[in-house]
Amino acid sequence: MPDSRPKVVVTRKLPEQVETRMQELFDVTLNPDDTPMTSAQLAEALANADVLVPTLGDQIDAGLIARAGENLRLIANFGAGVDHIDVATARQRGIHVTNTPGVLAEDTADMTLALILAVPRRLVDGVKLIESGEWTGWAPTAMLGHRVFGKRLGIIGMGQIGQAVARRAAAFGLEIHYHNRKRLRPEVEEDLGATYWESLDQMLARMDVVSIHCPHTPGTYHLLSPRRLRLMKPTAYIVNTARGEIVDENALIRMLEAGELGGAGLDVFEHGHEINPRLAALPNVTLMPHMGSATIESRIEMGEKVIINIKTYADGHTPPDRVVPAML
Ligand code: DGY
């Protein structure tokens with residue numbers, strides 16, 4: 001009997017229980033050795049599958065989408081960000097794109113708070129000093145950082161992750177400010193104790209810490225441009241757990257080198273995993289390998305969302321986490 005289950009190609013290794021469930025439900029091709037697929041392999045998958053499950057790092061551009069087969073009707077991304085997929089072109093071809101929002105918000109917010117604390121309080125410097133074996137004991141002027149309590153935090157992008165950061169940061173005594181495309185409802189603002197700034201420029205000039213939580217789109221590419229970075233206080237910190245492309249990384253590095261900013265906590269970089277050596281050489285930065293959502297719980301729940309999106313689509317309904325260009 002022919003297999004009537006949807007033909008699904010998954011581009012990277014996923015948590016075991018997610019892969020097992022996919023094998024039960026779909027005619028699925030997995031990637032057990034986790035080698036990223038080449039563009040030619042992605043094109044082949046798009047040509048032959050009913051559903052592609054890509055993730056961050058798989059560039060699904062207009063050229064690839066143009067080569068998709070007639071059966072390809074769903075790109076069910078494993079991840080919240082879809083900036084590696086040409087959503088508009090997919091839509092023109094009648095292909096749904098879905099993502100996995102919500103389930104990674106709390107974990108990403110935890111990592112953001114870790115960076116907001118780690119950079120001013122020199123957490124990594126402290127760890128390195130212990131590991132070096134050169135710590136000679138407590139001293140009144142040793143390892144001094146800066147106080148976090150009472151400082152102003154400016155959140156750019158007040159979606160689920162931005163709001164989860166706001167709740168945590170308020171508990172650490174930070175004053176919460178935000179800039180967002182759309183102002184939050186008054187009751188939500190009140191609940192978060194958050195002050196809205198219509199002008200990003202004005203907010204940037206007054207914050208002690210700026211944390212980025214908007215998606216990367218053509219409109220947010222280099223949102224923190226050299227001009228905007230220069231508006232910030234010379235003591236301010238930047239934290240980015242969203243996408244590296246939102247900050248002009250060269251300008252950020254120049255300013256950090258010149259002591260024109262206090263420091264940076266970065267989980268993402270402008271050129272993916274290629275870290276600019278000048279950034280890595282700076283003393284006042286904490287750099288993480290894109291670990292915001294890296295908990296087993298998040299990754300399983302992301303997989304469950306992918307499965308629900310595929311199953312709903314295969315059952316003839318609109319998948320719940322459909323991304324449309326107007327959302328971006
Ligand atoms: C996402 O989901 O887009 C994150 O950046 C990776 O978890």
# chains A, B, ... in the order shown; residues from 1 in each chain; ligands from 1
$ closest_atom_pairs --of "chain A" --to "ligand 1" --cutoff "12 Å" --atoms "only C-alpha atoms and all ligand atoms" --output "JSON lines"
{"residue": "A:Pro54", "atom": "CA", "partner": "ligand 1", "partner_atom_place_in_ligand_line": "2 (O)", "distance": 11.3}
{"residue": "A:Thr55", "atom": "CA", "partner": "ligand 1", "partner_atom_place_in_ligand_line": "3 (O)", "distance": 8.1}
{"residue": "A:Leu56", "atom": "CA", "partner": "ligand 1", "partner_atom_place_in_ligand_line": "3 (O)", "distance": 6.6}
{"residue": "A:Gly57", "atom": "CA", "partner": "ligand 1", "partner_atom_place_in_ligand_line": "6 (C)", "distance": 9.9}
{"residue": "A:Asp58", "atom": "CA", "partner": "ligand 1", "partner_atom_place_in_ligand_line": "3 (O)", "distance": 11.9}
{"residue": "A:Asn77", "atom": "CA", "partner": "ligand 1", "partner_atom_place_in_ligand_line": "2 (O)", "distance": 8.8}
{"residue": "A:Phe78", "atom": "CA", "partner": "ligand 1", "partner_atom_place_in_ligand_line": "2 (O)", "distance": 6.9}
{"residue": "A:Gly79", "atom": "CA", "partner": "ligand 1", "partner_atom_place_in_ligand_line": "2 (O)", "distance": 3.3}
{"residue": "A:Ala80", "atom": "CA", "partner": "ligand 1", "partner_atom_place_in_ligand_line": "2 (O)", "distance": 3.7}
{"residue": "A:Gly81", "atom": "CA", "partner": "ligand 1", "partner_atom_place_in_ligand_line": "3 (O)", "distance": 3.5}
{"residue": "A:Val82", "atom": "CA", "partner": "ligand 1", "partner_atom_place_in_ligand_line": "3 (O)", "distance": 6.7}
{"residue": "A:Asp83", "atom": "CA", "partner": "ligand 1", "partner_atom_place_in_ligand_line": "3 (O)", "distance": 8.4}
{"residue": "A:His84", "atom": "CA", "partner": "ligand 1", "partner_atom_place_in_ligand_line": "3 (O)", "distance": 9.5}
{"residue": "A:Ile85", "atom": "CA", "partner": "ligand 1", "partner_atom_place_in_ligand_line": "3 (O)", "distance": 11.4}
{"residue": "A:Thr98", "atom": "CA", "partner": "ligand 1", "partner_atom_place_in_ligand_line": "2 (O)", "distance": 11.7}
{"residue": "A:Asn99", "atom": "CA", "partner": "ligand 1", "partner_atom_place_in_ligand_line": "2 (O)", "distance": 8.0}
{"residue": "A:Thr100", "atom": "CA", "partner": "ligand 1", "partner_atom_place_in_ligand_line": "2 (O)", "distance": 6.9}
{"residue": "A:Pro101", "atom": "CA", "partner": "ligand 1", "partner_atom_place_in_ligand_line": "2 (O)", "distance": 7.6}
{"residue": "A:Gly102", "atom": "CA", "partner": "ligand 1", "partner_atom_place_in_ligand_line": "2 (O)", "distance": 9.6}
{"residue": "A:Val103", "atom": "CA", "partner": "ligand 1", "partner_atom_place_in_ligand_line": "2 (O)", "distance": 9.3}
{"residue": "A:Leu104", "atom": "CA", "partner": "ligand 1", "partner_atom_place_in_ligand_line": "7 (O)", "distance": 7.0}
{"residue": "A:Ala105", "atom": "CA", "partner": "ligand 1", "partner_atom_place_in_ligand_line": "2 (O)", "distance": 9.2}
{"residue": "A:Glu106", "atom": "CA", "partner": "ligand 1", "partner_atom_place_in_ligand_line": "7 (O)", "distance": 11.7}
{"residue": "A:Asp107", "atom": "CA", "partner": "ligand 1", "partner_atom_place_in_ligand_line": "7 (O)", "distance": 9.7}
{"residue": "A:Thr108", "atom": "CA", "partner": "ligand 1", "partner_atom_place_in_ligand_line": "7 (O)", "distance": 8.2}
{"residue": "A:Ala109", "atom": "CA", "partner": "ligand 1", "partner_atom_place_in_ligand_line": "4 (C)", "distance": 11.8}
{"residue": "A:Met111", "atom": "CA", "partner": "ligand 1", "partner_atom_place_in_ligand_line": "7 (O)", "distance": 11.8}
{"residue": "A:Ile161", "atom": "CA", "partner": "ligand 1", "partner_atom_place_in_ligand_line": "4 (C)", "distance": 11.1}
{"residue": "A:His213", "atom": "CA", "partner": "ligand 1", "partner_atom_place_in_ligand_line": "5 (O)", "distance": 10.4}
{"residue": "A:Cys214", "atom": "CA", "partner": "ligand 1", "partner_atom_place_in_ligand_line": "3 (O)", "distance": 11.0}
{"residue": "A:Pro215", "atom": "CA", "partner": "ligand 1", "partner_atom_place_in_ligand_line": "3 (O)", "distance": 8.6}
{"residue": "A:His216", "atom": "CA", "partner": "ligand 1", "partner_atom_place_in_ligand_line": "3 (O)", "distance": 9.7}
{"residue": "A:Asn240", "atom": "CA", "partner": "ligand 1", "partner_atom_place_in_ligand_line": "5 (O)", "distance": 11.0}
{"residue": "A:Thr241", "atom": "CA", "partner": "ligand 1", "partner_atom_place_in_ligand_line": "5 (O)", "distance": 7.7}
{"residue": "A:Ala242", "atom": "CA", "partner": "ligand 1", "partner_atom_place_in_ligand_line": "5 (O)", "distance": 6.4}
{"residue": "A:Arg243", "atom": "CA", "partner": "ligand 1", "partner_atom_place_in_ligand_line": "5 (O)", "distance": 7.1}
{"residue": "A:Gly244", "atom": "CA", "partner": "ligand 1", "partner_atom_place_in_ligand_line": "5 (O)", "distance": 10.2}
{"residue": "A:Asp267", "atom": "CA", "partner": "ligand 1", "partner_atom_place_in_ligand_line": "5 (O)", "distance": 9.3}
{"residue": "A:Val268", "atom": "CA", "partner": "ligand 1", "partner_atom_place_in_ligand_line": "5 (O)", "distance": 8.3}
{"residue": "A:Phe269", "atom": "CA", "partner": "ligand 1", "partner_atom_place_in_ligand_line": "5 (O)", "distance": 11.2}
{"residue": "A:Gly272", "atom": "CA", "partner": "ligand 1", "partner_atom_place_in_ligand_line": "5 (O)", "distance": 10.9}
{"residue": "A:Pro289", "atom": "CA", "partner": "ligand 1", "partner_atom_place_in_ligand_line": "6 (C)", "distance": 10.8}
{"residue": "A:His290", "atom": "CA", "partner": "ligand 1", "partner_atom_place_in_ligand_line": "5 (O)", "distance": 7.1}
{"residue": "A:Met291", "atom": "CA", "partner": "ligand 1", "partner_atom_place_in_ligand_line": "7 (O)", "distance": 7.5}
{"residue": "A:Gly292", "atom": "CA", "partner": "ligand 1", "partner_atom_place_in_ligand_line": "7 (O)", "distance": 6.5}
{"residue": "A:Ser293", "atom": "CA", "partner": "ligand 1", "partner_atom_place_in_ligand_line": "7 (O)", "distance": 4.8}
{"residue": "A:Ala294", "atom": "CA", "partner": "ligand 1", "partner_atom_place_in_ligand_line": "7 (O)", "distance": 6.9}
{"residue": "A:Thr295", "atom": "CA", "partner": "ligand 1", "partner_atom_place_in_ligand_line": "7 (O)", "distance": 9.6}
{"residue": "A:Ile296", "atom": "CA", "partner": "ligand 1", "partner_atom_place_in_ligand_line": "7 (O)", "distance": 11.4}
{"residue": "A:Glu297", "atom": "CA", "partner": "ligand 1", "partner_atom_place_in_ligand_line": "7 (O)", "distance": 11.9}
{"residue": "A:Ser298", "atom": "CA", "partner": "ligand 1", "partner_atom_place_in_ligand_line": "7 (O)", "distance": 8.4}
{"residue": "A:Arg299", "atom": "CA", "partner": "ligand 1", "partner_atom_place_in_ligand_line": "7 (O)", "distance": 7.9}
{"residue": "A:Ile300", "atom": "CA", "partner": "ligand 1", "partner_atom_place_in_ligand_line": "7 (O)", "distance": 11.5}
{"residue": "A:Glu301", "atom": "CA", "partner": "ligand 1", "partner_atom_place_in_ligand_line": "7 (O)", "distance": 11.3}
{"residue": "A:Met302", "atom": "CA", "partner": "ligand 1", "partner_atom_place_in_ligand_line": "2 (O)", "distance": 8.3}
{"residue": "A:Gly303", "atom": "CA", "partner": "ligand 1", "partner_atom_place_in_ligand_line": "2 (O)", "distance": 11.1}
{"residue": "A:Lys305", "atom": "CA", "partner": "ligand 1", "partner_atom_place_in_ligand_line": "2 (O)", "distance": 11.7}
{"residue": "A:Val306", "atom": "CA", "partner": "ligand 1", "partner_atom_place_in_ligand_line": "2 (O)", "distance": 11.8}
$ residues_around --residues "Met232 (chain A)" --least-positions-apart "2" --cutoff "7 Å" --atoms "only C-alpha atoms" --output "number ranges by chain"
A: 204-205, 229-230, 234, 236
$ residues_around --residues "His222 (chain A)" --least-positions-apart "2" --cutoff "8 Å" --atoms "only C-alpha atoms" --output "ChimeraX atom specification"
/A:220,224-225,245-248
$ closest_residue --among "A:Asn250, A:Lys233, A:Ile156, A:Ala171" --to "Glu198 (chain A)" --atoms "only C-alpha atoms"
A:Ile156
$ residues_around --residues "region 129-144 of chain A" --least-positions-apart "6" --cutoff "12 Å" --atoms "only C-alpha atoms" --output "PDB file with N, CA and C atoms, in the first residue's frame"
ATOM      1  N   VAL A 119      27.838  41.119  32.226  1.00  0.00           N
ATOM      2  CA  VAL A 119      28.794  42.096  31.678  1.00  0.00           C
ATOM      3  C   VAL A 119      29.140  43.160  32.727  1.00  0.00           C
ATOM      4  N   PRO A 120      28.149  43.879  33.313  1.00  0.00           N
ATOM      5  CA  PRO A 120      28.541  44.888  34.310  1.00  0.00           C
ATOM      6  C   PRO A 120      29.228  44.285  35.541  1.00  0.00           C
ATOM      7  N   ARG A 121      28.847  43.051  35.911  1.00  0.00           N
ATOM      8  CA  ARG A 121      29.433  42.452  37.132  1.00  0.00           C
ATOM      9  C   ARG A 121      30.667  41.587  36.842  1.00  0.00           C
ATOM     10  N   ARG A 122      31.111  41.577  35.591  1.00  0.00           N
ATOM     11  CA  ARG A 122      32.383  40.950  35.204  1.00  0.00           C
ATOM     12  C   ARG A 122      32.458  39.467  35.580  1.00  0.00           C
ATOM     13  N   LEU A 123      31.346  38.802  35.361  1.00  0.00           N
ATOM     14  CA  LEU A 123      31.257  37.391  35.739  1.00  0.00           C
ATOM     15  C   LEU A 123      32.349  36.538  35.084  1.00  0.00           C
TER      16      LEU A 123
END
